[in-house]
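Notes for the one structure printed next.
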Amino acid sequence: MLKACKRLALIAGLSALAAGCAVSPTGENTLLLNSPQQMNAMGTQSFEQMKEKLEIEKDKQTNRYVQCIADAIVMQVPREYGYAPQDWELVVFKDEAVNAFALPGGKMGVYTGMLKVAKNQDQLASVIGHEVSHVLAQHGNARMSQQMLTQLGITATSLVLADQVDSKTQKAAVMALGLGAQYGILLPYSRAHESEADMLGQELMAKAGFDPREAVSLWQTMAEKGGAAPPELLSTHPASTTRIRKLDAQLSQYYPLYQQAQAEGRRPNCDALKPR
């Protein structure tokens with residue numbers, strides 16, 4: 001009776017998963033099981049915790065420089081995503097890590113270590129545009145949903161095998177499935193997110209008046225500093241060579257948007273605020 005109840009619960013769970021199907025901004029099918037309100041609440045809570053734990057940069061010029069770039073980027077976010085320019089909050093963290101992020105709820109963080117690698121406003125704009133695009137494409141929601149689906153699949157396999165094989169064989173099969181899910185589903189899914197964020201981010205920066213060619217230059221610099229990296233198959237990010245090649249190929253699409261933005265007067269001059 002207990003096993004029958006578990007199977008019924010599993011079927012109900014699969015029905016709920018089917019209702020969560022959605023389409024990403026680039027037309028890819030994706031699974032979103034959490035509401036925007038839930039994700040925004042989680043993003044805001046995480047951001048507040050980070051502000052308590054990490055040192056915040058107090059230098060006014062540094063903050064003005066990064067804010068100038070972020071403001072230009074978020075001005076180009078279409079309203080259909082549910083964010084107005086004033087909805088975004090930016091904090092510069094005083095940390096040597098070469099890192100930046102954006103969270104649901106319109107929260108952005110840039111580490112001062114990134115400012116030492118991004119040589120100019122255009123390169124930092126490519127980073128901020130990329131991170132904002134993760135939020136717009138709801139990649140955090142999709143990632144959580146994919147993990148939920150994977151766990152449900154492993155549970156389902158375990159229940160099916162329980163009636164057919166001995167416990168030792170069952171355990172080995174479930175462990176193998178877990179490994180296959182990690183390398184066959186979860187990591188490639190993350191790489192797809194990174195590539196989509198690269199595409200959307202390069203478009204955002206170009207529309208804001210930042211040179212999209214600098215996204216290529218930034219990742220060339222990142223590749224030089226990256227040192228030894230895991231094989232692309234086992235990495236959560238595309239290999240640097242793959243990323244650079246795709247960003248370069250996209251210039252034919254996004255460079256005209258940059259030229260149009262410049263012609264229409266969108267010419268950010270954030271480099272004038274950059275600390276020397």
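Here's how to read the names in the structure tokens: chain A, B, ... by the order shown, residue numbers from 1 in each chain, ligand numbers from 1 in the order shown.
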Give me the residues near range 100-116 of chain A as a VMD selection string, where near means some atom within 10 Å (using only C-alpha atoms) and where sequence neighbours in that chain fewer than 6 positions away do not count. chain A and resid 36 to 48 50 to 51 55 to 57 62 to 63 66 to 67 70 74 82 to 94 123 to 124 127 to 136 138 to 141 274 to 275
According to DSSP computed on the backbone, where in range 5-118 of chain A is there strand (DSSP E)? Give the residues as number ranges by chain. A: 21-23, 29-31, 89-93, 100-103, 107-111
For Ser145 in chain A, please output as JSON, numbers by chain all residues within 6 Å (counting only C-alpha atoms; exclusion window: fewer than 2 positions along the same chain). {"A": [32, 33, 142, 143, 147, 148]}
Filtering to N, CA and C atoms, could you give me those residues as a PDB file, in the first residue's frame?
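The result, stored in selection09.pdb:
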ATOM      1  N   LEU A  32      10.285  25.765 -15.581  1.00  0.00           N
ATOM      2  CA  LEU A  32      10.258  26.738 -14.486  1.00  0.00           C
ATOM      3  C   LEU A  32       9.192  26.306 -13.485  1.00  0.00           C
ATOM      4  N   LEU A  33       9.630  25.805 -12.353  1.00  0.00           N
ATOM      5  CA  LEU A  33       8.701  25.286 -11.358  1.00  0.00           C
ATOM      6  C   LEU A  33       8.438  26.269 -10.221  1.00  0.00           C
ATOM      7  N   ALA A 142      15.341  27.947 -13.678  1.00  0.00           N
ATOM      8  CA  ALA A 142      15.497  26.762 -14.531  1.00  0.00           C
ATOM      9  C   ALA A 142      16.481  25.776 -13.923  1.00  0.00           C
ATOM     10  N   ARG A 143      17.553  26.292 -13.355  1.00  0.00           N
ATOM     11  CA  ARG A 143      18.566  25.419 -12.747  1.00  0.00           C
ATOM     12  C   ARG A 143      17.966  24.653 -11.560  1.00  0.00           C
ATOM     13  N   GLN A 147      17.226  20.513 -11.292  1.00  0.00           N
ATOM     14  CA  GLN A 147      17.699  19.677 -10.195  1.00  0.00           C
ATOM     15  C   GLN A 147      16.537  18.926  -9.541  1.00  0.00           C
ATOM     16  N   MET A 148      15.403  19.624  -9.416  1.00  0.00           N
ATOM     17  CA  MET A 148      14.218  18.975  -8.855  1.00  0.00           C
ATOM     18  C   MET A 148      13.760  17.820  -9.743  1.00  0.00           C
TER      19      MET A 148
END
Quick one: distance from CA of Met222 in chain A to CA of Gln202 in chain A in Å, one decimal?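 Separation of CA of Met222 in chain A and CA of Gln202 in chain A: 16.4 Å.
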Might you pull out every residue within 10 Å of Ile73 in chain A, with only C-alpha atoms counted and same-chain residues fewer than 5 positions away left off, and present them as a ChimeraX atom specification? /A:67-68,85,125-126,128-129,132,201,204-210,268
All residues 12 Å or closer to Gln220 in chain A, only C-alpha atoms, same chain fewer than 2 positions away omitted, as number ranges by chain: A: 117-118, 123, 213-218, 222-226, 239-245, 247-248
So how many Å separate CA of Glu96 in chain A and CA of Lys58 in chain A, to one decimal?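 CA of Lys58 in chain A lies at a distance of 14.9 Å from CA of Glu96 in chain A.
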Coordinates-based distance that separates CA of Lys246 in chain A from CA of Gln146 in chain A (Å, one decimal):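 We find that CA of Gln146 in chain A and CA of Lys246 in chain A lie 25.0 Å from each other.
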